[in-house]
Every structure is written in structure tokens, then in C-alpha cells.
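Enquirer: Structure provided below as C-alpha cells; questions to follow.
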Amino acid sequence: MSEDADKKEVSRLFVKVTRDTLPQVKEKYPFIYLERGRLEIDDASIKWIDSTGNVVRLPIATINCLLLGPGTSVTHEAVKVAASANCSICWVGEDSMLFYAAGITPSADTRNFRHQLEMAADAQKSVEVARRFFARRFPTADLAGKTLQEMMGMEGHRVRQLYEDKANHYGVGWKGRNFVQGKFELSDITNQILTAANAALYGILSSSIHALGYSPHIGFIHSGSPLPFVYDMADLYKEELCIDLAFSLTKDMAGRYNKHKVANAFKDRVITSRLLETIAQDIESVLGEKRARRARK
């Protein structure tokens with residue numbers, strides 16, 4: 001492999017699927033990401049053929065979810081076999097940074113979903129979960145007895161102050177968060193980077209939440225939106241992955257938004273923070289039980 005190829009592989013969130021990188025049969029693996037290849041059946045087993053002709057037989061019974069990225073095709077028979085093995089399928093953008101759709105099997109394990117639903121349906125337990133979310137951002141504050149509205153007020157003040165602090169630290173002008181749906185280019189550079197990084201984070205979290213057997217539609221803090229649990233989880237990571245990134249990159253952009261620079265910088269931070277390894281653990285922590293099916297380290 002060339003030096004340029006080595007650098008590109010290091011900048012990816014997911015390693016290339018080969019026989020050596022497949023999960024061991026002894027444990028269930030949360031998800032595997034595939035792109036630029038074909039998923040089909042051979043002798044009643046699923047095989048992956050990538051764009052270079054590399055063939056890997058997938059132990060589908062050990063995988064909870066397949067994340068299918070750009071350039072991926074899948075046969076009808078392969079979907080049937082995945083369903084019979086209780087393996088869900090998600091269609092995502094490159095490195096799962098956009099989430100498009102999910103195919104859930106009729107026999108899917110609903111243990112994690114039921115637990116999430118039980119916590120959300122009980123008013124007291126729901127507030128307790130929200131309190132654990134906020135405790136991550138206010139580790140020294142006494143949140144006992146505070147209502148959801150009070151904690152949301154604290155968070156709103158914290159985020160506004162965080163924007164101001166980052167703007168001062170990086171010497172960037174800041175007039176506030178501004179985003180108009182469908183009019184990305186009308187925002188200033190900092191807001192454009194924030195919007196793009198947030199969208200990428202939402203894509204990763206949507207894919208991971210589906211793959212772990214939870215629902216992105218059942219939240220504890222956010223409401224009135226299509227993906228409240230995704231937004232709940234995203235707030236745990238935005239400070240470093242999105243907000244600090246946006247202000248630190250603004251000067252480098254010199255007034256011209258560069259999507260490739262943003263994507264590469266965001267990926268570097270996701271890799272450094274080991275986000276994919278911590279999502280399941282963080283969900284376990286806030287929901288209060290160790291039920292998430294964690295990835296192997």
C-alpha cells in the first residue's frame with residue numbers, strides 16, 4: 001500500500017473489512033461498515049466483494065447490523081439471509097456520517113429498545129435519565145431536585161457562554177448561532193462548519209443507535225423533533241467535535257468554506273476521541289443499565 005493510501009486509511013473511521021479484521025465468532029459485534037462493493041450469497045452464506053475483487057465471507061450471525069455506505073449493492077437473497085440471522089441493515093453516507101434509512105428485521109432483539117421505552121414512559125425515571133445527561137456537562141453541580149426545564153436553562157446558558165469563550169480564544173467574530181434550513185450558504189463560515197459537523201455527528205449517532213438496538217425517536221431532553229435521542233446523545237460530544245472545531249477552523253477557511261477540510265478535521269477528532277468505542281458505554285451510563293451491545297476494543 002502506498003504512503004498516500006496509508007494516510008487515507010488512517011483518516012477513516014472504519015478499517016477496511018478483511019478476514020483479519022472480522023469479529024470473532026465468540027461474541028456478537030455491533031456493526032460492520034461496508035462501501036464500494038457488492039453483498040451477495042454464496043452457498044447460503046453472505047460474502048462481500050469489494051471494488052478491488054477482495055472477497056470476504058461475513059459471519060452474519062455474529063453481526064447486529066450492517067452499515068452500507070456509498071457504492072454498495074446488495075442482492076435480495078442477501079437481505080433475506082441477513083434477516084434470518086437477525087442482522088439489521090442501515091444505508092449511510094461515507095464513514096456513516098450521513099444516515100439515510102434502516103431495515104429492521106421482524107425478529108430483531110428489542111431488549112434495548114424496551115428498556116429505553118420503559119425509562120422514557122416513566123416520568124420520574126425519564127427525568128433521572130435527563131439528569132445523568134446533564135451531569136456529564138455539569139460534573140460539579142448539584143442537580144438533585146432540579147426540573148428538566150431548569151436543567152435545560154442551565155445548558156442553554158452554558159452553550160451560549162461556550163460559544164463566546166471559543167470565539168475569544170480563537171479570535172473569531174461571533175454574532176450567534178444562525179442556520180436557515182435549505183440555505184446553508186447564507187450563514188457565516190463558523191455557522192457553516194457547525195452545521196456540517198453537527199450533521200456528521202448526527203449521522204454517526206443515528207447509525208450507531210440503530211445498530212445497538214435503540215430508537216433515535218425516543219428522547220429524554222429533546223422533543224418535537226424527528227431524532228430526539230440522537231440530539232440528546234450529540235450534546236455529550238458537540239463541545240469538542242463540533243463547537244471547538246468550528247471556531248478553530250474559521251480562520252483557516254479565510255472566508256471560503258471548504259467541505260473537504262471540514263470533513264477531514266471532523267474525522268480526525270472522531271478517531272482521536274474514540275467515539276465509536278464509547279457510544280455504547282455512554283448509552284449504558286445514561287440509561288442506567290448495562291444492556292448495550294458494546295463493540296470489541
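Simple scheme: letters A, B, ... for chains in C-alpha cells order, numbers from 1 for residues in each chain, numbers from 1 for ligands in the order shown.
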Would you mind listing what lies within 12 Å of Gln149 of chain A as a list in words, with only C-alpha atoms counted and same-chain residues fewer than 5 positions away left out?
Expert: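 Final neighbour list, sorted by chain and number: Val127, Ala130, Arg131, Phe134, Leu143, Met154, Glu155, Gly156, Phe220, Ile221 and His222 of chain A.
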Enquirer: Name all residues at most 10 Å from segment 170-184 of chain A (count only C-alpha atoms; drop same-chain ones fewer than 6 positions away) and give them as a ChimeraX atom specification.
Expert: /A:160,163-164,190-196,244,247-251
Enquirer: Only C-alpha atoms, please: the residues just picked out, written as a PDB file, in the first residue's frame.
Expert:
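Dumped everything to selection.pdb:
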ATOM      1  CA  ARG A 160     -24.011  30.432  24.814  1.00  0.00           C
ATOM      2  CA  TYR A 163     -19.611  29.982  22.004  1.00  0.00           C
ATOM      3  CA  GLU A 164     -18.341  33.274  23.407  1.00  0.00           C
ATOM      4  CA  THR A 190     -18.315  29.425  11.642  1.00  0.00           C
ATOM      5  CA  ASN A 191     -22.016  28.608  11.443  1.00  0.00           C
ATOM      6  CA  GLN A 192     -21.496  26.631   8.236  1.00  0.00           C
ATOM      7  CA  ILE A 193     -18.810  24.498   9.891  1.00  0.00           C
ATOM      8  CA  LEU A 194     -21.043  23.995  12.942  1.00  0.00           C
ATOM      9  CA  THR A 195     -23.949  22.886  10.759  1.00  0.00           C
ATOM     10  CA  ALA A 196     -21.816  20.443   8.751  1.00  0.00           C
ATOM     11  CA  ASP A 244     -14.252  23.845  19.128  1.00  0.00           C
ATOM     12  CA  PHE A 247     -14.020  28.111  15.748  1.00  0.00           C
ATOM     13  CA  SER A 248     -10.565  26.609  15.262  1.00  0.00           C
ATOM     14  CA  LEU A 249     -11.141  26.161  11.514  1.00  0.00           C
ATOM     15  CA  THR A 250     -12.769  29.517  10.804  1.00  0.00           C
ATOM     16  CA  LYS A 251      -9.513  31.427  10.313  1.00  0.00           C
TER      17      LYS A 251
END
Enquirer: Ranking A:Ile46, A:Arg111, A:Arg269, A:Gly288 by minimum distance to Ala200 of chain A and counting only C-alpha atoms, which one comes first?
Expert: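 Using only C-alpha atoms, the shortest distance to Ala200 of chain A belongs to A:Arg269.
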Enquirer: Select, from A:Asn264, A:Ser45, A:Asn86, A:Ser187, the residue with the minimum atom-to-atom distance to Ile63 of chain A, counting only C-alpha atoms.
Expert: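 Once distances to Ile63 of chain A are computed over only C-alpha atoms, the minimum belongs to A:Asn86.
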Enquirer: Using backbone DSSP assignments, extract all alpha helix (DSSP H) residues from segment 112-162 of chain A; output them as a PyMOL selection string.
Expert: chain A and resi 112-121+123-137+148-162
Enquirer: Keeping C-alpha atoms for every residue in the selection just given, could you write it to a file as a short mmCIF file (atom, residue, chain, number, x, y, z; two decimals), in the first residue's frame?
Expert:
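again.cif, written as the output of this step:
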data_model
loop_
_atom_site.label_atom_id
_atom_site.label_comp_id
_atom_site.auth_asym_id
_atom_site.auth_seq_id
_atom_site.Cartn_x
_atom_site.Cartn_y
_atom_site.Cartn_z
CA ASN A 112 -32.51 -2.39 24.48
CA PHE A 113 -35.47 -0.68 22.83
CA ARG A 114 -37.84 -1.92 25.55
CA HIS A 115 -35.54 -0.65 28.27
CA GLN A 116 -35.29 2.75 26.59
CA LEU A 117 -39.07 2.89 26.21
CA GLU A 118 -39.65 1.89 29.84
CA MET A 119 -37.35 4.67 31.05
CA ALA A 120 -38.97 7.27 28.81
CA ALA A 121 -42.54 6.26 29.73
CA ALA A 123 -41.94 10.47 34.26
CA GLN A 124 -39.60 10.11 37.24
CA LYS A 125 -37.18 7.74 35.51
CA SER A 126 -37.17 9.95 32.43
CA VAL A 127 -36.05 12.96 34.45
CA GLU A 128 -33.40 10.80 36.14
CA VAL A 129 -32.01 9.88 32.72
CA ALA A 130 -32.05 13.54 31.68
CA ARG A 131 -30.23 14.41 34.92
CA ARG A 132 -27.49 11.90 34.07
CA PHE A 133 -27.14 13.54 30.66
CA PHE A 134 -26.75 16.97 32.24
CA ALA A 135 -24.40 15.66 34.92
CA ARG A 136 -21.90 14.94 32.15
CA ARG A 137 -21.80 18.67 31.33
CA LEU A 148 -35.98 19.32 33.26
CA GLN A 149 -36.77 22.95 32.40
CA GLU A 150 -34.27 24.22 35.00
CA MET A 151 -31.52 21.95 33.68
CA MET A 152 -32.28 22.97 30.09
CA GLY A 153 -31.94 26.60 31.15
CA MET A 154 -28.54 25.84 32.67
CA GLU A 155 -27.47 24.10 29.48
CA GLY A 156 -28.62 26.96 27.29
CA HIS A 157 -26.56 29.43 29.30
CA ARG A 158 -23.55 27.07 29.24
CA VAL A 159 -23.63 26.69 25.46
CA ARG A 160 -24.01 30.43 24.81
CA GLN A 161 -21.06 31.09 27.10
CA LEU A 162 -19.10 28.32 25.39
#
Enquirer: Could you please determine the separation between atom CA of Ser273 of chain A and atom CA of Trp91 of chain A in Å, to one decimal place?
Expert: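 Interatomic distance, atom CA of Ser273 of chain A to atom CA of Trp91 of chain A: 24.3 Å.
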Enquirer: Choose the residue, out of A:Glu94, A:Asp268, A:Glu35, A:Asp50, that has the smallest atom-to-atom separation from Ile204 of chain A; count only C-alpha atoms.
Expert: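 Nearest to Ile204 of chain A: A:Glu94.
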Enquirer: Just how far from atom CA of Glu239 of chain A is atom CA of Tyr214 of chain A, in Å to one decimal?
Expert: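 Atom CA of Glu239 of chain A lies 23.9 Å from atom CA of Tyr214 of chain A.
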Enquirer: What is the distance between atom CA of Thr140 of chain A and atom CA of Phe266 of chain A, in Å to one decimal?
Expert: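 Straight-line distance from atom CA of Thr140 of chain A to atom CA of Phe266 of chain A works out to 28.9 Å.
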Enquirer: Among segment 35-121 of chain A, which ones does DSSP assign to strand (DSSP E or B) (computed from the backbone)? Answer as a ChimeraX atom specification.
Expert: /A:37-42,45-50,55-58,63-68,72-74,88-92,99-103
